[in-house]
file structure_6.txt (compact mmCIF, C-alpha atoms and all ligand atoms)
# COMPACT_ATOMS: atom_id res chain seq x y z
CA MET Q 1 257.05 19.01 53.66
CA SER Q 2 254.52 21.69 53.88
CA THR Q 3 251.99 21.82 51.09
CA ARG Q 4 249.95 24.66 52.48
CA ILE Q 5 248.61 26.81 49.68
CA ARG Q 6 248.03 30.52 50.15
CA ASP Q 7 246.52 32.90 47.63
CA MET Q 8 248.89 35.73 47.04
CA GLU Q 9 248.23 38.86 45.08
CA LEU Q 10 251.20 39.77 42.91
CA GLU Q 11 251.21 43.32 41.66
CA ILE Q 12 253.66 43.22 38.81
CA MET Q 13 255.04 46.21 36.97
CA ARG Q 14 254.42 45.94 33.25
CA TYR Q 15 255.97 47.90 30.45
CA ASP Q 16 255.72 47.17 26.76
CA PRO Q 17 258.02 49.51 24.84
CA GLU Q 18 255.85 49.18 21.75
CA LYS Q 19 252.59 50.13 23.42
CA ASP Q 20 253.04 51.76 26.81
CA GLU Q 21 254.02 55.34 27.48
CA ALA Q 22 254.95 54.46 31.04
CA PRO Q 23 254.99 51.38 33.28
CA TRP Q 24 251.80 50.30 35.04
CA PHE Q 25 250.82 47.58 37.49
CA GLN Q 26 248.91 44.41 36.74
CA SER Q 27 247.57 42.17 39.50
CA TYR Q 28 247.58 38.40 39.46
CA THR Q 29 246.25 36.05 42.12
CA VAL Q 30 248.59 33.14 42.51
CA PRO Q 31 247.93 30.05 44.66
CA CYS Q 32 251.34 29.87 46.26
CA ASN Q 33 252.86 26.94 47.99
CA GLU Q 34 254.52 28.16 51.17
CA ASP Q 35 257.79 26.49 50.13
CA TRP Q 36 257.95 28.57 47.02
CA VAL Q 37 260.22 31.45 46.34
CA ILE Q 38 258.87 34.53 44.59
CA LEU Q 39 260.45 33.38 41.35
CA ASP Q 40 258.18 30.31 41.45
CA ALA Q 41 255.15 32.55 41.80
CA ILE Q 42 256.27 34.64 38.83
CA ASN Q 43 256.84 31.49 36.81
CA TYR Q 44 253.33 30.39 37.76
CA VAL Q 45 252.00 33.60 36.25
CA LYS Q 46 253.99 33.03 33.07
CA ASP Q 47 252.95 29.38 32.76
CA ASN Q 48 249.29 29.67 33.72
CA LEU Q 49 247.99 33.21 33.64
CA ASP Q 50 249.89 35.44 31.25
CA THR Q 51 252.47 34.26 28.76
CA THR Q 52 253.41 37.80 27.78
CA LEU Q 53 255.22 38.55 31.03
CA ALA Q 54 258.96 39.13 30.50
CA PHE Q 55 261.56 38.50 33.21
CA ARG Q 56 265.02 37.00 33.57
CA TRP Q 57 266.07 33.93 35.45
CA SER Q 58 268.14 30.86 34.86
CA CYS Q 59 269.53 28.80 37.70
CA HIS Q 60 266.90 29.05 40.45
CA MET Q 61 269.70 28.53 42.97
CA MET Q 62 271.42 31.86 43.63
CA VAL Q 63 274.20 31.29 41.14
CA CYS Q 64 273.42 33.00 37.84
CA GLY Q 65 272.47 36.37 39.31
CA SER Q 66 269.79 37.10 36.73
CA CYS Q 67 266.61 37.12 38.83
CA GLY Q 68 267.12 40.31 40.83
CA MET Q 69 263.95 42.39 41.21
CA MET Q 70 262.34 44.77 43.65
CA VAL Q 71 260.10 42.81 46.02
CA ASN Q 72 257.99 45.18 48.10
CA GLY Q 73 260.55 47.88 47.43
CA GLU Q 74 263.57 45.82 48.47
CA PRO Q 75 266.18 44.73 45.89
CA SER Q 76 265.98 40.93 46.13
CA LEU Q 77 267.13 37.79 44.42
CA THR Q 78 263.71 36.31 43.70
CA CYS Q 79 264.99 32.73 43.83
CA LYS Q 80 266.09 33.37 47.41
CA THR Q 81 263.03 35.28 48.61
CA PHE Q 82 260.54 32.91 50.22
CA VAL Q 83 256.81 33.31 49.88
CA ARG Q 84 256.34 32.34 53.54
CA ASP Q 85 258.24 35.44 54.64
CA LEU Q 86 255.97 37.80 52.72
CA PRO Q 87 252.47 39.24 53.25
CA ASP Q 88 249.47 38.33 51.08
CA LYS Q 89 250.07 41.20 48.73
CA VAL Q 90 253.44 41.64 47.08
CA ARG Q 91 254.60 44.27 44.66
CA ILE Q 92 257.20 43.24 42.10
CA GLU Q 93 259.12 45.78 40.07
CA PRO Q 94 262.20 45.68 37.89
CA LEU Q 95 265.44 46.58 39.69
CA GLU Q 96 265.46 50.23 40.68
CA ASN Q 97 268.01 52.63 39.13
CA PHE Q 98 268.11 50.80 35.78
CA PRO Q 99 266.17 51.59 32.61
CA ILE Q 100 263.33 49.14 31.98
CA GLU Q 101 263.68 47.16 28.77
CA ARG Q 102 260.35 45.39 29.12
CA ASP Q 103 258.26 44.34 32.15
CA LEU Q 104 260.73 43.06 34.75
CA VAL Q 105 263.75 43.08 32.46
CA VAL Q 106 266.22 45.93 32.93
CA VAL Q 107 269.00 47.29 30.74
CA LEU Q 108 272.36 46.39 32.27
CA ASP Q 109 274.70 47.88 29.64
CA ASP Q 110 275.92 50.55 32.02
CA VAL Q 111 277.11 48.18 34.74
CA MET Q 112 278.55 45.77 32.19
CA GLN Q 113 280.72 48.58 30.92
CA LYS Q 114 281.68 49.50 34.49
CA LEU Q 115 282.65 45.95 35.36
CA HIS Q 116 284.93 46.02 32.34
CA GLN Q 117 286.33 49.44 33.16
CA VAL Q 118 287.86 48.40 36.49
CA GLN Q 119 290.25 45.97 34.77
CA PRO Q 120 289.03 42.87 36.59
CA TYR Q 121 291.88 40.57 35.72
CA ILE Q 122 295.36 39.83 36.98
CA MET Q 123 297.85 42.36 35.65
CA ARG Q 124 301.54 41.53 35.73
CA LYS Q 125 304.60 43.57 35.05
CA ASP Q 126 306.18 40.49 33.46
CA ASP Q 127 303.38 40.17 30.93
CA PRO Q 128 303.46 37.80 29.07
CA PRO Q 129 304.86 35.69 31.90
CA ALA Q 130 307.89 33.54 31.30
CA GLU Q 131 307.02 30.00 30.51
CA ASP Q 132 306.73 27.52 33.35
CA VAL Q 133 306.19 30.26 35.89
CA GLU Q 134 303.62 29.59 38.53
CA TYR Q 135 302.21 32.29 40.74
CA ASN Q 136 301.47 30.66 44.02
CA GLN Q 137 298.83 31.61 46.49
CA THR Q 138 298.51 30.40 50.04
CA ARG Q 139 295.20 29.84 51.76
CA GLY Q 140 295.85 32.88 53.92
CA GLN Q 141 296.39 35.02 50.81
CA LEU Q 142 293.18 33.70 49.29
CA MET Q 143 291.23 34.39 52.45
CA LYS Q 144 292.02 38.10 52.10
CA PHE Q 145 289.55 38.40 49.24
CA LYS Q 146 287.60 35.15 48.98
CA GLN Q 147 284.40 36.72 50.21
CA LEU Q 148 284.59 39.24 47.36
CA THR Q 149 284.68 36.49 44.75
CA MET Q 150 281.17 35.41 45.77
CA CYS Q 151 279.57 38.21 43.75
CA ILE Q 152 277.14 36.92 41.12
CA ASN Q 153 276.54 40.28 39.43
CA CYS Q 154 272.87 40.33 40.37
CA MET Q 155 273.09 44.14 40.65
CA CYS Q 156 270.82 44.31 43.68
CA CYS Q 157 273.48 46.55 45.21
CA TYR Q 158 273.12 49.11 42.42
CA ALA Q 159 269.37 49.08 42.90
CA ALA Q 160 269.90 49.88 46.58
CA CYS Q 161 272.61 52.53 46.20
CA PRO Q 162 271.37 56.11 46.60
CA GLN Q 163 274.55 57.51 45.06
CA TYR Q 164 274.07 55.49 41.90
CA ALA Q 165 270.43 56.59 41.85
CA LEU Q 166 271.55 60.22 41.74
CA ASN Q 167 274.68 59.90 39.63
CA LYS Q 168 274.93 57.26 36.95
CA ASP Q 169 278.63 57.99 36.47
CA PHE Q 170 279.42 56.55 39.89
CA ILE Q 171 281.24 53.28 39.26
CA GLY Q 172 279.17 51.71 42.00
CA PRO Q 173 279.36 48.86 44.49
CA ALA Q 174 279.81 45.61 42.53
CA ALA Q 175 282.37 46.98 40.06
CA LEU Q 176 284.43 48.68 42.77
CA THR Q 177 284.29 45.50 44.81
CA LEU Q 178 285.51 43.51 41.85
CA ALA Q 179 288.44 45.90 41.46
CA HIS Q 180 289.27 45.48 45.13
CA ARG Q 181 289.17 41.72 44.74
CA TYR Q 182 292.03 41.98 42.21
CA ASN Q 183 293.87 44.60 44.25
CA LEU Q 184 293.96 42.15 47.14
CA ASP Q 185 295.15 39.25 45.02
CA ASN Q 186 298.83 38.59 45.72
CA ARG Q 187 299.38 37.49 42.11
CA ASP Q 188 298.25 40.85 40.77
CA GLN Q 189 300.49 43.88 40.22
CA GLY Q 190 297.96 46.31 38.81
CA LYS Q 191 296.81 47.87 42.05
CA SER Q 192 298.29 51.33 41.51
CA ASP Q 193 296.95 51.46 37.95
CA ARG Q 194 293.48 50.57 39.16
CA LEU Q 195 293.60 52.95 42.09
CA ASN Q 196 294.52 55.81 39.76
CA ILE Q 197 291.14 55.37 38.07
CA LEU Q 198 289.11 54.31 41.05
CA ALA Q 199 290.28 56.82 43.60
CA ASP Q 200 289.46 59.54 41.12
CA HIS Q 201 286.24 61.19 40.10
CA ASP Q 202 283.16 58.93 40.17
CA GLY Q 203 285.16 56.27 41.97
CA VAL Q 204 285.34 55.30 45.62
CA TRP Q 205 284.94 58.83 46.99
CA ASP Q 206 281.43 59.09 45.57
CA CYS Q 207 280.36 56.44 48.01
CA SER Q 208 279.05 57.95 51.22
CA PHE Q 209 279.04 54.65 53.11
CA VAL Q 210 275.29 54.35 53.32
CA GLY Q 211 275.84 50.62 53.46
CA ALA Q 212 272.59 49.87 51.64
CA CYS Q 213 274.48 47.74 49.12
CA SER Q 214 275.81 45.41 51.79
CA GLU Q 215 272.44 45.08 53.46
CA VAL Q 216 270.74 43.84 50.30
CA CYS Q 217 273.58 41.72 48.89
CA PRO Q 218 272.22 38.16 48.70
CA LYS Q 219 275.73 36.68 48.70
CA HIS Q 220 277.09 38.64 51.70
CA VAL Q 221 279.85 40.11 49.60
CA ASP Q 222 279.80 43.33 51.61
CA PRO Q 223 280.61 45.81 48.84
CA ALA Q 224 280.45 48.75 51.27
CA ALA Q 225 283.37 47.27 53.22
CA ALA Q 226 285.42 46.75 50.06
CA ILE Q 227 284.87 50.35 48.99
CA GLN Q 228 285.90 51.77 52.37
CA GLN Q 229 289.09 49.68 52.26
CA MET Q 230 289.79 51.07 48.81
CA LYS Q 231 289.43 54.59 50.15
CA VAL Q 232 292.18 53.83 52.64
CA ASP Q 233 294.31 52.23 49.89
CA GLY Q 234 293.63 55.14 47.56
CA ALA Q 235 294.78 57.67 50.15
CA VAL Q 236 297.93 55.67 50.90
CA GLU Q 237 298.68 55.35 47.19
CA PHE Q 238 298.15 59.08 46.69
CA TRP Q 239 300.75 59.93 49.33
CA LYS Q 240 303.14 57.29 48.11
CA GLN Q 241 303.04 58.77 44.64
CA LYS Q 242 303.39 62.29 46.05
CA MET Q 243 306.48 61.24 47.91
CA GLY Q 244 307.85 59.43 44.92
CA ILE Q 245 307.63 55.97 46.40
CA VAL Q 246 306.79 53.73 43.52
CA GLY Q 247 306.43 50.03 43.45
CA ASP Q 248 303.74 47.52 43.96
CA LYS Q 249 303.21 44.54 46.13
CA SER Q 250 304.96 41.25 45.37
CA MET H 1 260.55 45.25 17.51
CA SER H 2 261.98 48.52 18.72
CA ARG H 3 263.83 49.27 21.87
CA ARG H 4 262.55 52.11 23.98
CA PRO H 5 263.88 51.67 27.52
CA TYR H 6 261.89 53.50 30.16
CA ILE H 7 263.84 55.48 32.75
CA ARG H 8 262.06 55.91 36.06
CA PRO H 9 262.45 59.44 37.35
CA VAL H 10 264.43 60.10 40.53
CA SER H 11 263.53 63.21 42.47
CA LYS H 12 266.57 65.31 43.32
CA THR H 13 264.81 66.72 46.36
CA THR H 14 262.84 63.85 47.86
CA TRP H 15 264.81 60.74 46.82
CA TYR H 16 265.59 59.89 50.43
CA MET H 17 261.92 59.29 51.17
CA ARG H 18 262.14 56.03 49.21
CA ASN H 19 262.92 53.88 52.23
CA LYS H 20 263.92 53.85 55.87
CA ARG H 21 267.57 53.16 55.10
CA TYR H 22 267.86 56.41 53.12
CA LYS H 23 266.07 58.38 55.82
CA VAL H 24 268.49 57.19 58.48
CA TYR H 25 271.35 58.05 56.14
CA VAL H 26 270.09 61.58 55.63
CA LEU H 27 269.68 62.01 59.38
CA ARG H 28 273.30 60.94 59.74
CA GLU H 29 274.41 63.46 57.12
CA LEU H 30 272.40 66.23 58.76
CA SER H 31 274.77 66.07 61.69
CA SER H 32 277.17 67.97 59.41
CA PHE H 33 275.24 71.10 60.46
CA LEU H 34 276.17 70.37 64.04
CA VAL H 35 279.77 69.82 62.99
CA ALA H 36 279.72 73.21 61.28
CA PHE H 37 278.22 74.77 64.40
CA TYR H 38 280.83 73.29 66.72
CA THR H 39 283.64 74.31 64.41
CA PHE H 40 282.37 77.87 64.53
CA PHE H 41 281.82 77.59 68.28
CA THR H 42 285.39 76.43 68.89
CA ILE H 43 286.81 79.21 66.73
CA CYS H 44 284.79 81.75 68.72
CA ALA H 45 285.98 80.27 72.01
CA LEU H 46 289.59 80.40 70.82
CA ALA H 47 289.15 83.99 69.64
CA ILE H 48 287.84 84.97 73.06
CA LEU H 49 290.74 83.18 74.74
CA ALA H 50 293.13 85.00 72.45
CA THR H 51 291.95 88.36 73.77
CA ASP H 52 293.72 87.42 77.01
CA SER H 53 290.87 88.88 78.99
CA ALA H 54 289.69 86.78 81.93
CA GLU H 55 286.56 88.85 82.08
CA LYS H 56 285.53 88.05 78.51
CA TRP H 57 286.27 84.38 78.99
CA ASP H 58 284.19 84.26 82.18
CA SER H 59 281.27 85.92 80.48
CA PHE H 60 281.58 83.45 77.60
CA LEU H 61 281.45 80.57 80.09
CA ALA H 62 278.50 82.18 81.82
CA SER H 63 276.68 82.48 78.50
CA GLN H 64 276.83 78.69 78.21
CA GLN H 65 275.41 78.04 81.64
CA ASN H 66 271.74 78.49 80.99
CA THR H 67 269.20 75.70 80.52
CA GLY H 68 268.80 76.38 76.81
CA MET H 69 272.48 75.90 76.00
CA VAL H 70 272.84 72.89 78.28
CA VAL H 71 269.86 71.18 76.63
CA PHE H 72 271.26 72.06 73.19
CA HIS H 73 274.67 70.56 73.96
CA ALA H 74 273.07 67.48 75.49
CA VAL H 75 270.85 66.90 72.45
CA ALA H 76 273.84 67.44 70.12
CA LEU H 77 275.86 64.94 72.13
CA LEU H 78 273.12 62.31 71.87
CA TYR H 79 272.71 63.01 68.16
CA PHE H 80 276.42 62.50 67.57
CA LEU H 81 276.43 59.35 69.68
CA PHE H 82 273.55 57.72 67.86
CA PHE H 83 274.23 58.92 64.32
CA GLN H 84 278.02 59.02 64.32
CA THR H 85 279.91 57.30 67.13
CA PHE H 86 277.88 54.11 67.52
CA PRO H 87 277.31 53.47 63.80
CA TRP H 88 280.89 54.31 62.81
CA PHE H 89 282.43 52.16 65.49
CA LYS H 90 280.16 49.36 64.38
CA LEU H 91 281.36 49.81 60.80
CA ALA H 92 285.04 50.18 61.68
CA PRO H 93 285.92 46.50 61.14
CA LYS H 94 284.70 46.85 57.56
CA ALA H 95 287.11 49.63 56.72
CA MET H 96 290.03 48.11 58.56
CA PRO H 97 289.83 44.35 58.65
CA VAL H 98 292.73 42.64 60.38
CA GLN H 99 293.79 39.21 59.26
CA VAL H 100 295.94 37.12 61.54
CA GLY H 101 297.35 34.12 59.74
CA GLU H 102 294.53 32.64 57.72
CA ASN H 103 291.63 34.09 59.63
CA LYS H 104 290.16 37.48 60.12
CA LEU H 105 290.23 38.93 63.59
CA PRO H 106 286.66 38.89 64.92
CA ASP H 107 284.85 42.20 64.38
CA SER H 108 284.23 42.53 68.12
CA PHE H 109 287.99 42.94 68.76
CA ILE H 110 288.19 45.96 66.49
CA ILE H 111 284.96 47.46 67.79
CA ILE H 112 285.97 47.04 71.43
CA GLY H 113 289.39 48.47 70.56
CA HIS H 114 287.70 51.61 69.31
CA TYR H 115 285.64 52.01 72.47
CA VAL H 116 288.72 51.51 74.63
CA ALA H 117 290.64 54.13 72.62
CA TRP H 118 287.63 56.45 72.90
CA VAL H 119 287.53 56.13 76.70
CA ILE H 120 291.27 56.72 76.99
CA VAL H 121 291.23 59.80 74.75
CA SER H 122 288.16 61.18 76.55
CA ALA H 123 289.76 60.60 79.94
CA PHE H 124 292.89 62.40 78.73
CA ILE H 125 290.85 65.39 77.59
CA PHE H 126 288.91 65.48 80.85
CA TRP H 127 292.23 65.32 82.68
CA LEU H 128 293.60 68.18 80.59
CA ALA H 129 290.48 70.16 81.35
CA GLY H 130 290.92 69.48 85.03
CA VAL H 131 287.61 67.65 85.37
CA ILE H 132 289.28 64.49 86.68
S1 LIG D 301 277.90 42.61 45.36
FE1 LIG D 301 276.17 41.36 46.01
S2 LIG D 301 274.37 42.58 45.41
FE2 LIG D 301 276.10 43.37 44.28
S3 LIG D 301 276.08 42.30 42.33
FE3 LIG D 301 277.45 41.18 43.69
S4 LIG D 301 276.17 39.63 44.62
FE4 LIG D 301 274.80 41.13 43.75
S1 LIG D 302 277.93 52.09 50.71
FE1 LIG D 302 278.49 53.29 48.89
S2 LIG D 302 278.17 51.91 47.18
FE2 LIG D 302 277.11 51.02 48.95
S3 LIG D 302 275.01 51.76 48.77
FE3 LIG D 302 276.13 53.18 50.01
S4 LIG D 302 276.86 54.80 48.67
FE4 LIG D 302 276.28 53.02 47.42
S1 LIG D 303 267.64 32.44 39.07
FE1 LIG D 303 269.82 32.40 39.10
S2 LIG D 303 270.24 33.68 40.80
FE2 LIG D 303 268.11 33.55 40.89
call {"tool": "encode", "arguments": {"input": "structure_6.txt", "output": "structure tokens"}}
result
Amino acid sequence: MSTRIRDMELEIMRYDPEKDEAPWFQSYTVPCNEDWVILDAINYVKDNLDTTLAFRWSCHMMVCGSCGMMVNGEPSLTCKTFVRDLPDKVRIEPLENFPIERDLVVVLDDVMQKLHQVQPYIMRKDDPPAEDVEYNQTRGQLMKFKQLTMCINCMCCYAACPQYALNKDFIGPAALTLAHRYNLDNRDQGKSDRLNILADHDGVWDCSFVGACSEVCPKHVDPAAAIQQMKVDGAVEFWKQKMGIVGDKS
Amino acid sequence: MSRRPYIRPVSKTTWYMRNKRYKVYVLRELSSFLVAFYTFFTICALAILATDSAEKWDSFLASQQNTGMVVFHAVALLYFLFFQTFPWFKLAPKAMPVQVGENKLPDSFIIIGHYVAWVIVSAFIFWLAGVI
């Protein structure tokens, strides 16, 4: 195991809502082990240099989705971003496109509401289902959307999305992807309901397929792909409804 | 303890300068000007054809046969290739994934399919135009 230590200068954006008019940068020199991830370096600052620094993290293993930050301008999961891949000077900012609560902590209320808005649960016409009913799913049916279930809501994709930057009403990559995950689920029957909302204003058509979301996604969810597929579905659904063909899958 | 979230400003006019990804995107979108030009160009060509005058059509063709126009069309073609055709074909498997049984068809199948279709359609148009 490498134990090489390298001094790294972390330029961290600070913002104290009680004192600061606007964010500013504070520099810390951190003796980094080359095996570290950036989150370790930030924790070093908190533990040894400045206890006032505020930031979110929990799992340190790409599961909780709370440690997303801008690292040298790139939306990154800091527990996945290795020190050895970075230059001696690194700039750390809170995720772009979100209001800053304090230091590296952002306000996520908007995306939380959006995740809720897309009805991310199985909807059935026979709700509540008859007792003893099982809705089966084959491996092939699961494979249709399994990749989309990998999302950890880190919101790096929103920080990368130029459409969300310009229009906060855009439902955005992770929430649209989540909707598509349920649309593709063979047990679900809510696809046309969801598409009515999502193929409308501020939904899928606001996405211009920049693909930035997919490039930064640390879990390879590929939200841009999901959104383009929904555009196709939305158009099909539109014509179906125009021609009076109702009905849903399964 | 009071909350006072800070909202970082986003410039409506220079937002795309933020990173390389956005710049490439804007370059891609700029090709819409060329699309507009070629739409106009085609309408003009059709209007001239509709006059039923061989003379006017010949002079239209002649007007395209100078170095300036040839260079313009060549540059436009390259621009479309690099900012539309290649990137869109590369992205095609994302918009239309094909699953056979339990597994997804490899992306390369769909991409190659697009290129094959492109060659066939182009050949058909060249054939129609009497080039081949
Ligand atoms: S789609 Fe990817 S980048 Fe977006 S929230 Fe989910 S895991 Fe994060
Ligand atoms: S592909 Fe769509 S959602 Fe993803 S970054 Fe681009 S505009 Fe945003
Ligand atoms: S700390 Fe949980 S995802 Fe990084």
call {"tool": "closest_atom_pairs", "arguments": {"input": "structure_6.txt", "of": "chain H", "to": "chain Q", "cutoff": "12 Å", "atoms": "all atoms listed in the file", "output": "JSON lines"}}
result
{"residue": "H:Met1", "atom": "CA", "partner": "Q:Glu18", "partner_atom": "CA", "distance": 7.5}
{"residue": "H:Ser2", "atom": "CA", "partner": "Q:Glu18", "partner_atom": "CA", "distance": 6.9}
{"residue": "H:Arg3", "atom": "CA", "partner": "Q:Pro17", "partner_atom": "CA", "distance": 6.5}
{"residue": "H:Arg4", "atom": "CA", "partner": "Q:Pro17", "partner_atom": "CA", "distance": 5.3}
{"residue": "H:Pro5", "atom": "CA", "partner": "Q:Glu101", "partner_atom": "CA", "distance": 4.7}
{"residue": "H:Tyr6", "atom": "CA", "partner": "Q:Ile100", "partner_atom": "CA", "distance": 4.9}
{"residue": "H:Ile7", "atom": "CA", "partner": "Q:Pro99", "partner_atom": "CA", "distance": 4.5}
{"residue": "H:Arg8", "atom": "CA", "partner": "Q:Pro99", "partner_atom": "CA", "distance": 6.9}
{"residue": "H:Pro9", "atom": "CA", "partner": "Q:Asn97", "partner_atom": "CA", "distance": 9.0}
{"residue": "H:Val10", "atom": "CA", "partner": "Q:Ala165", "partner_atom": "CA", "distance": 7.1}
{"residue": "H:Ser11", "atom": "CA", "partner": "Q:Leu166", "partner_atom": "CA", "distance": 8.6}
{"residue": "H:Lys12", "atom": "CA", "partner": "Q:Leu166", "partner_atom": "CA", "distance": 7.3}
{"residue": "H:Thr13", "atom": "CA", "partner": "Q:Leu166", "partner_atom": "CA", "distance": 10.4}
{"residue": "H:Thr14", "atom": "CA", "partner": "Q:Leu166", "partner_atom": "CA", "distance": 11.2}
{"residue": "H:Trp15", "atom": "CA", "partner": "Q:Pro162", "partner_atom": "CA", "distance": 8.0}
{"residue": "H:Tyr16", "atom": "CA", "partner": "Q:Pro162", "partner_atom": "CA", "distance": 7.9}
{"residue": "H:Met17", "atom": "CA", "partner": "Q:Pro162", "partner_atom": "CA", "distance": 11.0}
{"residue": "H:Arg18", "atom": "CA", "partner": "Q:Gly73", "partner_atom": "CA", "distance": 8.5}
{"residue": "H:Asn19", "atom": "CA", "partner": "Q:Gly73", "partner_atom": "CA", "distance": 8.0}
{"residue": "H:Lys20", "atom": "CA", "partner": "Q:Ala212", "partner_atom": "CA", "distance": 10.4}
{"residue": "H:Arg21", "atom": "CA", "partner": "Q:Ala212", "partner_atom": "CA", "distance": 6.9}
{"residue": "H:Tyr22", "atom": "CA", "partner": "Q:Pro162", "partner_atom": "CA", "distance": 7.4}
{"residue": "H:Lys23", "atom": "CA", "partner": "Q:Val210", "partner_atom": "CA", "distance": 10.4}
{"residue": "H:Val24", "atom": "CA", "partner": "Q:Val210", "partner_atom": "CA", "distance": 9.0}
{"residue": "H:Tyr25", "atom": "CA", "partner": "Q:Val210", "partner_atom": "CA", "distance": 6.1}
{"residue": "H:Val26", "atom": "CA", "partner": "Q:Val210", "partner_atom": "CA", "distance": 9.2}
{"residue": "H:Leu27", "atom": "CA", "partner": "Q:Val210", "partner_atom": "CA", "distance": 11.3}
{"residue": "H:Arg28", "atom": "CA", "partner": "Q:Val210", "partner_atom": "CA", "distance": 9.4}
{"residue": "H:Glu29", "atom": "CA", "partner": "Q:Ser208", "partner_atom": "CA", "distance": 9.3}
{"residue": "H:Phe83", "atom": "CA", "partner": "Q:Val210", "partner_atom": "CA", "distance": 12.0}
{"residue": "H:Pro87", "atom": "CA", "partner": "Q:Val210", "partner_atom": "CA", "distance": 10.7}
{"residue": "H:Trp88", "atom": "CA", "partner": "Q:Phe209", "partner_atom": "CA", "distance": 9.9}
{"residue": "H:Lys90", "atom": "CA", "partner": "Q:Ala225", "partner_atom": "CA", "distance": 11.8}
{"residue": "H:Leu91", "atom": "CA", "partner": "Q:Ala225", "partner_atom": "CA", "distance": 8.2}
{"residue": "H:Ala92", "atom": "CA", "partner": "Q:Ala225", "partner_atom": "CA", "distance": 9.1}
{"residue": "H:Pro93", "atom": "CA", "partner": "Q:Ala225", "partner_atom": "CA", "distance": 8.4}
{"residue": "H:Lys94", "atom": "CA", "partner": "Q:Ala225", "partner_atom": "CA", "distance": 4.6}
{"residue": "H:Ala95", "atom": "CA", "partner": "Q:Gln229", "partner_atom": "CA", "distance": 4.9}
{"residue": "H:Met96", "atom": "CA", "partner": "Q:Gln229", "partner_atom": "CA", "distance": 6.6}
{"residue": "H:Pro97", "atom": "CA", "partner": "Q:Gln229", "partner_atom": "CA", "distance": 8.4}
{"residue": "H:Val98", "atom": "CA", "partner": "Q:Lys144", "partner_atom": "CA", "distance": 9.5}
{"residue": "H:Gln99", "atom": "CA", "partner": "Q:Lys144", "partner_atom": "CA", "distance": 7.5}
{"residue": "H:Val100", "atom": "CA", "partner": "Q:Gly140", "partner_atom": "CA", "distance": 8.7}
{"residue": "H:Gly101", "atom": "CA", "partner": "Q:Gly140", "partner_atom": "CA", "distance": 6.1}
{"residue": "H:Glu102", "atom": "CA", "partner": "Q:Gly140", "partner_atom": "CA", "distance": 4.0}
{"residue": "H:Asn103", "atom": "CA", "partner": "Q:Met143", "partner_atom": "CA", "distance": 7.2}
{"residue": "H:Lys104", "atom": "CA", "partner": "Q:Lys144", "partner_atom": "CA", "distance": 8.3}
{"residue": "H:Leu105", "atom": "CA", "partner": "Q:Lys144", "partner_atom": "CA", "distance": 11.7}
call {"tool": "atom_distance", "arguments": {"input": "structure_6.txt", "atom1": "atom CA of Q:Lys114", "atom2": "atom CA of Q:Ala175"}}
result
6.2 Å
call {"tool": "residues_near_ligand", "arguments": {"input": "structure_6.txt", "ligand": "ligand LIG 303 (chain D)", "cutoff": "9 Å", "atoms": "only C-alpha atoms and all ligand atoms", "output": "list in words"}}
result
Leu39, Arg56, Trp57, Ser58, Cys59, His60, Met61, Met62, Val63, Cys64, Gly65, Ser66, Cys67, Gly68, Leu77, Thr78, Cys79, Lys80, Ile152 and Cys154 of chain Q
call {"tool": "residues_near_ligand", "arguments": {"input": "structure_6.txt", "ligand": "ligand LIG 301 (chain D)", "cutoff": "7 Å", "atoms": "all atoms listed in the file", "output": "PyMOL selection string"}}
result
chain Q and resi 65+150-158+173-174+213+216-223
call {"tool": "residues_around", "arguments": {"input": "structure_6.txt", "residues": "Q:Ile197", "least_positions_apart": "5", "cutoff": "12 Å", "atoms": "only C-alpha atoms", "output": "list in words"}}
result
Lys114, Gln117, Val118, Gln119, Phe170, Ile171, Leu176, Ala179, Gly190, Lys191, Ser192, Asp202, Gly203, Val204, Trp205, Met230, Gly234, Glu237 and Phe238 of chain Q
call {"tool": "write_last_selection", "arguments": {"input": "structure_6.txt", "atoms": "C-alpha atoms", "output": "PDB file, in the frame of the given file"}}
result
ATOM      1  CA  LYS Q 114     281.680  49.500  34.490  1.00  0.00           C
ATOM      2  CA  GLN Q 117     286.330  49.440  33.160  1.00  0.00           C
ATOM      3  CA  VAL Q 118     287.860  48.400  36.490  1.00  0.00           C
ATOM      4  CA  GLN Q 119     290.250  45.970  34.770  1.00  0.00           C
ATOM      5  CA  PHE Q 170     279.420  56.550  39.890  1.00  0.00           C
ATOM      6  CA  ILE Q 171     281.240  53.280  39.260  1.00  0.00           C
ATOM      7  CA  LEU Q 176     284.430  48.680  42.770  1.00  0.00           C
ATOM      8  CA  ALA Q 179     288.440  45.900  41.460  1.00  0.00           C
ATOM      9  CA  GLY Q 190     297.960  46.310  38.810  1.00  0.00           C
ATOM     10  CA  LYS Q 191     296.810  47.870  42.050  1.00  0.00           C
ATOM     11  CA  SER Q 192     298.290  51.330  41.510  1.00  0.00           C
ATOM     12  CA  ASP Q 202     283.160  58.930  40.170  1.00  0.00           C
ATOM     13  CA  GLY Q 203     285.160  56.270  41.970  1.00  0.00           C
ATOM     14  CA  VAL Q 204     285.340  55.300  45.620  1.00  0.00           C
ATOM     15  CA  TRP Q 205     284.940  58.830  46.990  1.00  0.00           C
ATOM     16  CA  MET Q 230     289.790  51.070  48.810  1.00  0.00           C
ATOM     17  CA  GLY Q 234     293.630  55.140  47.560  1.00  0.00           C
ATOM     18  CA  GLU Q 237     298.680  55.350  47.190  1.00  0.00           C
ATOM     19  CA  PHE Q 238     298.150  59.080  46.690  1.00  0.00           C
TER      20      PHE Q 238
END
call {"tool": "residues_around", "arguments": {"input": "structure_6.txt", "residues": "H:Tyr115", "least_positions_apart": "6", "cutoff": "12 Å", "atoms": "all atoms listed in the file", "output": "list in words"}}
result
Thr85, Phe86, Trp88, Phe89, Lys90, Ala92, Ser108, Phe109, Val121 and Ser122 of chain H
